[in-house]
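Colleague: For reference, this is entry.cif, and it has mmCIF, C-alpha atoms; chains and numbers go by the auth columns.
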```
data_query
loop_
_atom_site.group_PDB
_atom_site.id
_atom_site.type_symbol
_atom_site.label_atom_id
_atom_site.label_comp_id
_atom_site.label_asym_id
_atom_site.label_seq_id
_atom_site.Cartn_x
_atom_site.Cartn_y
_atom_site.Cartn_z
_atom_site.B_iso_or_equiv
_atom_site.auth_seq_id
_atom_site.auth_asym_id
ATOM 1 C CA MET A 1 -122.616 59.380 -16.695 0.00 1 A
ATOM 2 C CA LEU A 2 -121.668 56.055 -15.148 0.00 2 A
ATOM 3 C CA SER A 3 -119.183 55.855 -12.312 0.00 3 A
ATOM 4 C CA GLU A 4 -116.162 53.618 -12.905 0.00 4 A
ATOM 5 C CA SER A 5 -117.378 50.790 -10.667 0.00 5 A
ATOM 6 C CA VAL A 6 -120.772 50.636 -12.399 0.00 6 A
ATOM 7 C CA ALA A 7 -119.274 50.965 -15.899 0.00 7 A
ATOM 8 C CA ALA A 8 -116.786 48.166 -15.170 0.00 8 A
ATOM 9 C CA ILE A 9 -119.480 45.656 -14.232 0.00 9 A
ATOM 10 C CA PHE A 10 -121.964 46.585 -16.959 0.00 10 A
ATOM 11 C CA SER A 11 -119.631 47.346 -19.892 0.00 11 A
ATOM 12 C CA PRO A 12 -120.769 44.237 -21.863 0.00 12 A
ATOM 13 C CA TYR A 13 -124.389 45.463 -21.683 0.00 13 A
ATOM 14 C CA LEU A 14 -124.024 49.195 -22.329 0.00 14 A
ATOM 15 C CA THR A 15 -124.862 48.924 -26.039 0.00 15 A
ATOM 16 C CA LEU A 16 -128.205 47.214 -25.412 0.00 16 A
ATOM 17 C CA ASN A 17 -131.490 49.072 -25.745 0.00 17 A
ATOM 18 C CA LEU A 18 -133.851 47.115 -23.509 0.00 18 A
ATOM 19 C CA SER A 19 -137.125 48.108 -21.922 0.00 19 A
ATOM 20 C CA GLY A 20 -136.811 49.685 -18.485 0.00 20 A
ATOM 21 C CA PHE A 21 -138.052 46.489 -16.807 0.00 21 A
ATOM 22 C CA ASP A 22 -135.672 44.261 -18.803 0.00 22 A
ATOM 23 C CA ASN A 23 -132.787 46.563 -17.831 0.00 23 A
ATOM 24 C CA LEU A 24 -133.923 46.252 -14.215 0.00 24 A
ATOM 25 C CA LYS A 25 -133.859 42.433 -14.459 0.00 25 A
ATOM 26 C CA LEU A 26 -130.468 42.561 -16.195 0.00 26 A
ATOM 27 C CA VAL A 27 -128.869 44.772 -13.523 0.00 27 A
ATOM 28 C CA VAL A 28 -130.285 42.678 -10.662 0.00 28 A
ATOM 29 C CA ALA A 29 -129.141 39.426 -12.345 0.00 29 A
ATOM 30 C CA VAL A 30 -125.589 40.661 -12.998 0.00 30 A
ATOM 31 C CA LEU A 31 -125.134 42.021 -9.472 0.00 31 A
ATOM 32 C CA THR A 32 -126.701 38.922 -7.867 0.00 32 A
ATOM 33 C CA ALA A 33 -124.444 36.627 -9.932 0.00 33 A
ATOM 34 C CA GLN A 34 -121.471 38.529 -8.495 0.00 34 A
ATOM 35 C CA GLY A 35 -122.759 38.078 -4.954 0.00 35 A
ATOM 36 C CA GLN A 36 -123.657 41.760 -4.622 0.00 36 A
ATOM 37 C CA GLU A 37 -126.657 42.977 -2.658 0.00 37 A
ATOM 38 C CA CYS A 38 -128.945 45.348 -4.535 0.00 38 A
ATOM 39 C CA HIS A 39 -132.505 46.646 -4.394 0.00 39 A
ATOM 40 C CA ALA A 40 -134.900 47.091 -7.312 0.00 40 A
ATOM 41 C CA LEU A 41 -137.003 50.247 -7.102 0.00 41 A
ATOM 42 C CA GLU A 42 -139.636 52.188 -8.940 0.00 42 A
ATOM 43 C CA ALA A 43 -139.632 55.919 -8.225 0.00 43 A
ATOM 44 C CA GLU A 44 -140.268 59.372 -9.581 0.00 44 A
ATOM 45 C CA VAL A 45 -136.975 60.669 -10.908 0.00 45 A
ATOM 46 C CA THR A 46 -135.994 63.954 -12.473 0.00 46 A
ATOM 47 C CA PHE A 47 -133.816 62.798 -15.346 0.00 47 A
ATOM 48 C CA GLU A 48 -132.566 65.018 -18.152 0.00 48 A
ATOM 49 C CA GLY A 49 -134.776 67.799 -16.804 0.00 49 A
ATOM 50 C CA LYS A 50 -138.029 65.808 -16.854 0.00 50 A
ATOM 51 C CA THR A 51 -139.836 64.119 -13.972 0.00 51 A
ATOM 52 C CA GLN A 52 -140.752 60.551 -14.844 0.00 52 A
ATOM 53 C CA THR A 53 -141.557 57.251 -13.199 0.00 53 A
ATOM 54 C CA ALA A 54 -138.541 55.032 -13.708 0.00 54 A
ATOM 55 C CA TYR A 55 -136.921 51.776 -12.657 0.00 55 A
ATOM 56 C CA LEU A 56 -133.790 52.084 -10.546 0.00 56 A
ATOM 57 C CA VAL A 57 -131.443 49.638 -8.867 0.00 57 A
ATOM 58 C CA ARG A 58 -129.770 50.726 -5.663 0.00 58 A
ATOM 59 C CA TRP A 59 -126.351 49.161 -5.294 0.00 59 A
ATOM 60 C CA HIS A 60 -124.113 50.444 -2.493 0.00 60 A
ATOM 61 C CA LYS A 61 -124.330 54.219 -2.926 0.00 61 A
ATOM 62 C CA HIS A 62 -125.247 54.026 -6.622 0.00 62 A
ATOM 63 C CA PHE A 63 -128.685 54.422 -8.145 0.00 63 A
ATOM 64 C CA ILE A 64 -128.554 52.782 -11.563 0.00 64 A
ATOM 65 C CA TYR A 65 -131.155 54.218 -13.926 0.00 65 A
ATOM 66 C CA CYS A 66 -132.804 51.430 -15.955 0.00 66 A
ATOM 67 C CA GLY A 67 -135.325 53.516 -17.870 0.00 67 A
ATOM 68 C CA ARG A 68 -138.838 54.880 -17.739 0.00 68 A
ATOM 69 C CA THR A 69 -141.524 52.392 -16.750 0.00 69 A
ATOM 70 C CA ASN A 70 -143.302 52.851 -20.085 0.00 70 A
ATOM 71 C CA SER A 71 -140.381 52.897 -22.518 0.00 71 A
ATOM 72 C CA TYR A 72 -138.766 50.330 -24.767 0.00 72 A
ATOM 73 C CA GLY A 73 -135.299 51.503 -25.693 0.00 73 A
ATOM 74 C CA ASN A 74 -133.174 52.459 -22.715 0.00 74 A
ATOM 75 C CA THR A 75 -129.483 52.341 -22.028 0.00 75 A
ATOM 76 C CA LEU A 76 -128.195 52.044 -18.482 0.00 76 A
ATOM 77 C CA ASP A 77 -127.272 55.256 -16.737 0.00 77 A
ATOM 78 C CA GLU A 78 -126.765 56.496 -13.217 0.00 78 A
ATOM 79 C CA VAL A 79 -128.749 59.029 -11.206 0.00 79 A
ATOM 80 C CA ALA A 80 -126.226 61.762 -10.479 0.00 80 A
ATOM 81 C CA SER A 81 -127.858 63.231 -7.376 0.00 81 A
ATOM 82 C CA LEU A 82 -130.110 61.741 -4.710 0.00 82 A
ATOM 83 C CA GLU A 83 -132.076 64.984 -4.879 0.00 83 A
ATOM 84 C CA ASP A 84 -133.314 63.848 -8.315 0.00 84 A
ATOM 85 C CA ILE A 85 -135.279 60.997 -6.678 0.00 85 A
ATOM 86 C CA ASN A 86 -138.577 61.743 -4.940 0.00 86 A
ATOM 87 C CA PRO A 87 -138.224 59.768 -1.661 0.00 87 A
ATOM 88 C CA GLU A 88 -141.989 59.569 -1.112 0.00 88 A
ATOM 89 C CA SER A 89 -142.496 57.873 -4.481 0.00 89 A
ATOM 90 C CA ILE A 90 -140.035 55.000 -3.911 0.00 90 A
ATOM 91 C CA GLU A 91 -141.551 51.549 -4.165 0.00 91 A
ATOM 92 C CA VAL A 92 -139.398 48.459 -3.597 0.00 92 A
ATOM 93 C CA LEU A 93 -139.874 45.810 -6.296 0.00 93 A
ATOM 94 C CA GLN A 94 -139.199 42.094 -6.254 0.00 94 A
ATOM 95 C CA PRO A 95 -138.371 41.282 -9.884 0.00 95 A
ATOM 96 C CA PRO A 96 -137.537 37.705 -10.826 0.00 96 A
ATOM 97 C CA VAL A 97 -133.794 37.107 -10.511 0.00 97 A
ATOM 98 C CA LEU A 98 -132.614 35.705 -13.822 0.00 98 A
ATOM 99 C CA SER A 99 -129.687 33.340 -14.218 0.00 99 A
ATOM 100 C CA MET A 100 -126.844 34.596 -16.404 0.00 100 A
ATOM 101 C CA GLN A 101 -127.988 32.092 -19.059 0.00 101 A
ATOM 102 C CA GLN A 102 -131.439 33.723 -19.064 0.00 102 A
ATOM 103 C CA VAL A 103 -129.787 37.158 -19.318 0.00 103 A
ATOM 104 C CA GLU A 104 -127.799 35.967 -22.360 0.00 104 A
ATOM 105 C CA PHE A 105 -130.997 34.732 -23.964 0.00 105 A
ATOM 106 C CA MET A 106 -132.778 38.033 -23.244 0.00 106 A
ATOM 107 C CA CYS A 107 -129.877 39.935 -24.822 0.00 107 A
ATOM 108 C CA MET A 108 -129.801 37.674 -27.893 0.00 108 A
ATOM 109 C CA GLU A 109 -133.557 38.051 -28.297 0.00 109 A
ATOM 110 C CA ASN A 110 -133.169 41.830 -28.103 0.00 110 A
ATOM 111 C CA ALA A 111 -130.372 41.842 -30.703 0.00 111 A
ATOM 112 C CA HIS A 112 -132.499 39.684 -32.990 0.00 112 A
ATOM 113 C CA PHE A 113 -135.494 42.027 -32.853 0.00 113 A
ATOM 114 C CA ASP A 114 -133.294 45.086 -33.361 0.00 114 A
ATOM 115 C CA HIS A 115 -132.175 43.744 -36.713 0.00 115 A
ATOM 116 C CA CYS A 116 -135.475 42.485 -38.119 0.00 116 A
#
```
Give the structure from this file in structure tokens form.
Modeller:
Amino acid sequence: MLSESVAAIFSPYLTLNLSGFDNLKLVVAVLTAQGQECHALEAEVTFEGKTQTAYLVRWHKHFIYCGRTNSYGNTLDEVASLEDINPESIEVLQPPVLSMQQVEFMCMENAHFDHC
């Protein structure tokens, strides 16, 4: 369940089903374009009762769940409890920061492939 502040920023993107890494790039790009500081992470997360390696973006006190590292259709979510993240597994990532134009293109490309 997304908190209001996260839902407000990402509402245009909540219907997308991108890969975990594309979601990570999307979240970082949107926050960066708004002048917000955020950190891209890979970590072991217990999500929906299963432990998995996933991409997360830390923004203020939020951990935005971008999807499993090996999956292709993820919607954005939020990690409800810090206890669900294994602190020893956290790895900081440096994904490319896309421009909003590149994000639009990535989203259009995704929509195109969804309807083929």
Colleague: Kindly resolve the PyMOL selection byres ((chain A and resi 94) around 12) on the present coordinates and return the residues as a list in words.
Modeller: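 This file gives the following for the PyMOL selection byres ((chain A and resi 94) around 12): Phe21, Leu24, Lys25, Val28, Cys38, His39, Ala40, Leu41, Glu42, Tyr55, Val57, Glu91, Val92, Leu93, Pro95, Pro96, Val97 and Leu98 of chain A.
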Colleague: Measuring between all atoms listed in the file, which one of A:Ala33, A:Val6, A:Val103, A:Met108 shows the shortest distance to Arg58 (chain A)?
Modeller: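 Residue with the minimum atom-to-atom distance to Arg58 (chain A): A:Val6.
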Colleague: Residues at most 12 Å from Asn110 (chain A), counting all atoms listed in the file, excluding those fewer than 3 positions away in the same chain, as a ChimeraX atom specification?
Modeller: /A:13,15-19,22-23,72-74,103-107,113-116
Colleague: Check which residues satisfy the PyMOL selection byres ((chain A and resi 78) around 10) in the file shown, then give them as a list in words.
Modeller: Met1, Leu2, Ser3, Val6, Ala7, Phe47, Leu56, Val57, Arg58, His62, Phe63, Ile64, Tyr65, Cys66, Leu76, Asp77, Val79, Ala80 and Ser81 of chain A
Colleague: Could you jot down the CA of Glu88 (chain A) to CA of Gly35 (chain A) separation for me, Å, one decimal place?
Modeller: 29.1 Å
Colleague: For the file shown, report as a PyMOL selection string the outcome of the PyMOL selection byres ((chain A and resi 44) around 9) at residue level.
Modeller: chain A and resi 42-43+45-46+51-55+84-90
Colleague: Limited to C-alpha atoms, could you put the picked residues into a file as a compact mmCIF listing (two decimals), in the coordinates of the input?
Modeller:
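As a result, out.txt now contains:
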```txt
# COMPACT_ATOMS: atom_id res chain seq x y z
CA GLU A 42 -139.64 52.19 -8.94
CA ALA A 43 -139.63 55.92 -8.22
CA VAL A 45 -136.98 60.67 -10.91
CA THR A 46 -135.99 63.95 -12.47
CA THR A 51 -139.84 64.12 -13.97
CA GLN A 52 -140.75 60.55 -14.84
CA THR A 53 -141.56 57.25 -13.20
CA ALA A 54 -138.54 55.03 -13.71
CA TYR A 55 -136.92 51.78 -12.66
CA ASP A 84 -133.31 63.85 -8.32
CA ILE A 85 -135.28 61.00 -6.68
CA ASN A 86 -138.58 61.74 -4.94
CA PRO A 87 -138.22 59.77 -1.66
CA GLU A 88 -141.99 59.57 -1.11
CA SER A 89 -142.50 57.87 -4.48
CA ILE A 90 -140.04 55.00 -3.91
```
Colleague: Tell me which protein, DNA and RNA residues are within 8 Å of Glu37 (chain A), counting all atoms listed in the file, leaving out same-chain ones fewer than 4 positions away, and put them as a compact mmCIF listing (two decimals) with C-alpha atoms, in the frame of the given file.
Modeller:
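Okay, this is what ended up in out35.txt:
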```
# COMPACT_ATOMS: atom_id res chain seq x y z
CA LEU A 31 -125.13 42.02 -9.47
CA THR A 32 -126.70 38.92 -7.87
CA TRP A 59 -126.35 49.16 -5.29
CA HIS A 60 -124.11 50.44 -2.49
```
Colleague: Please indicate the distance in Å from CA of Gln102 (chain A) to CA of Leu26 (chain A), rounded to one decimal place.
Modeller: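 Separation between CA of Gln102 (chain A) and CA of Leu26 (chain A): 9.3 Å.
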Colleague: Smallest atom-to-atom distance to Thr69 (chain A): which of A:Glu109, A:Gly49, A:Gly20, A:Ala29, using only C-alpha atoms?
Modeller: A:Gly20
Colleague: Compare A:Lys50, A:Ser99, A:Pro12, A:Glu4 by their minimum atom-to-atom distance to Gln34 (chain A), counting only C-alpha atoms, and give me the closest one.
Modeller: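 So, comparing all the options, the nearest one is A:Ser99.
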Colleague: Work out how far apart CA of Ala8 (chain A) and CA of Met100 (chain A) are and give it in Å to one decimal.
Modeller: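 These atoms are spaced 16.9 Å apart.
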Colleague: Kindly add N, CA and C atoms to the incomplete region 89-103 of chain A and provide the output as a PDB file, in the frame of the given file.
Modeller:
```pdb
ATOM      1  N   SER A  89    -141.965  58.673  -3.373  1.00  0.00           N
ATOM      2  CA  SER A  89    -142.496  57.873  -4.481  1.00  0.00           C
ATOM      3  C   SER A  89    -141.836  56.497  -4.574  1.00  0.00           C
ATOM      4  N   ILE A  90    -140.806  56.243  -3.774  1.00  0.00           N
ATOM      5  CA  ILE A  90    -140.035  55.000  -3.911  1.00  0.00           C
ATOM      6  C   ILE A  90    -140.867  53.781  -3.510  1.00  0.00           C
ATOM      7  N   GLU A  91    -140.866  52.822  -4.419  1.00  0.00           N
ATOM      8  CA  GLU A  91    -141.551  51.549  -4.165  1.00  0.00           C
ATOM      9  C   GLU A  91    -140.522  50.447  -4.409  1.00  0.00           C
ATOM     10  N   VAL A  92    -140.357  49.552  -3.442  1.00  0.00           N
ATOM     11  CA  VAL A  92    -139.398  48.459  -3.597  1.00  0.00           C
ATOM     12  C   VAL A  92    -140.057  47.351  -4.412  1.00  0.00           C
ATOM     13  N   LEU A  93    -139.355  46.863  -5.419  1.00  0.00           N
ATOM     14  CA  LEU A  93    -139.874  45.810  -6.296  1.00  0.00           C
ATOM     15  C   LEU A  93    -139.166  44.497  -6.018  1.00  0.00           C
ATOM     16  N   GLN A  94    -139.805  43.422  -6.382  1.00  0.00           N
ATOM     17  CA  GLN A  94    -139.199  42.094  -6.254  1.00  0.00           C
ATOM     18  C   GLN A  94    -139.206  41.425  -7.632  1.00  0.00           C
ATOM     19  N   PRO A  95    -138.359  41.899  -8.552  1.00  0.00           N
ATOM     20  CA  PRO A  95    -138.371  41.282  -9.884  1.00  0.00           C
ATOM     21  C   PRO A  95    -137.793  39.874  -9.821  1.00  0.00           C
ATOM     22  N   PRO A  96    -138.142  39.037 -10.804  1.00  0.00           N
ATOM     23  CA  PRO A  96    -137.537  37.705 -10.826  1.00  0.00           C
ATOM     24  C   PRO A  96    -136.031  37.851 -11.042  1.00  0.00           C
ATOM     25  N   VAL A  97    -135.245  37.062 -10.332  1.00  0.00           N
ATOM     26  CA  VAL A  97    -133.794  37.107 -10.511  1.00  0.00           C
ATOM     27  C   VAL A  97    -133.435  36.074 -11.578  1.00  0.00           C
ATOM     28  N   LEU A  98    -132.965  36.571 -12.704  1.00  0.00           N
ATOM     29  CA  LEU A  98    -132.614  35.705 -13.822  1.00  0.00           C
ATOM     30  C   LEU A  98    -131.226  35.101 -13.615  1.00  0.00           C
ATOM     31  N   SER A  99    -131.039  33.910 -14.188  1.00  0.00           N
ATOM     32  CA  SER A  99    -129.687  33.340 -14.218  1.00  0.00           C
ATOM     33  C   SER A  99    -128.925  34.059 -15.335  1.00  0.00           C
ATOM     34  N   MET A 100    -127.611  33.945 -15.342  1.00  0.00           N
ATOM     35  CA  MET A 100    -126.844  34.596 -16.404  1.00  0.00           C
ATOM     36  C   MET A 100    -127.184  33.986 -17.768  1.00  0.00           C
ATOM     37  N   GLN A 101    -127.577  32.722 -17.795  1.00  0.00           N
ATOM     38  CA  GLN A 101    -127.988  32.092 -19.059  1.00  0.00           C
ATOM     39  C   GLN A 101    -129.271  32.756 -19.578  1.00  0.00           C
ATOM     40  N   GLN A 102    -130.209  33.033 -18.674  1.00  0.00           N
ATOM     41  CA  GLN A 102    -131.439  33.723 -19.064  1.00  0.00           C
ATOM     42  C   GLN A 102    -131.144  35.146 -19.546  1.00  0.00           C
ATOM     43  N   VAL A 103    -130.180  35.805 -18.903  1.00  0.00           N
ATOM     44  CA  VAL A 103    -129.787  37.158 -19.318  1.00  0.00           C
ATOM     45  C   VAL A 103    -129.223  37.108 -20.741  1.00  0.00           C
TER      46      VAL A 103
END
```
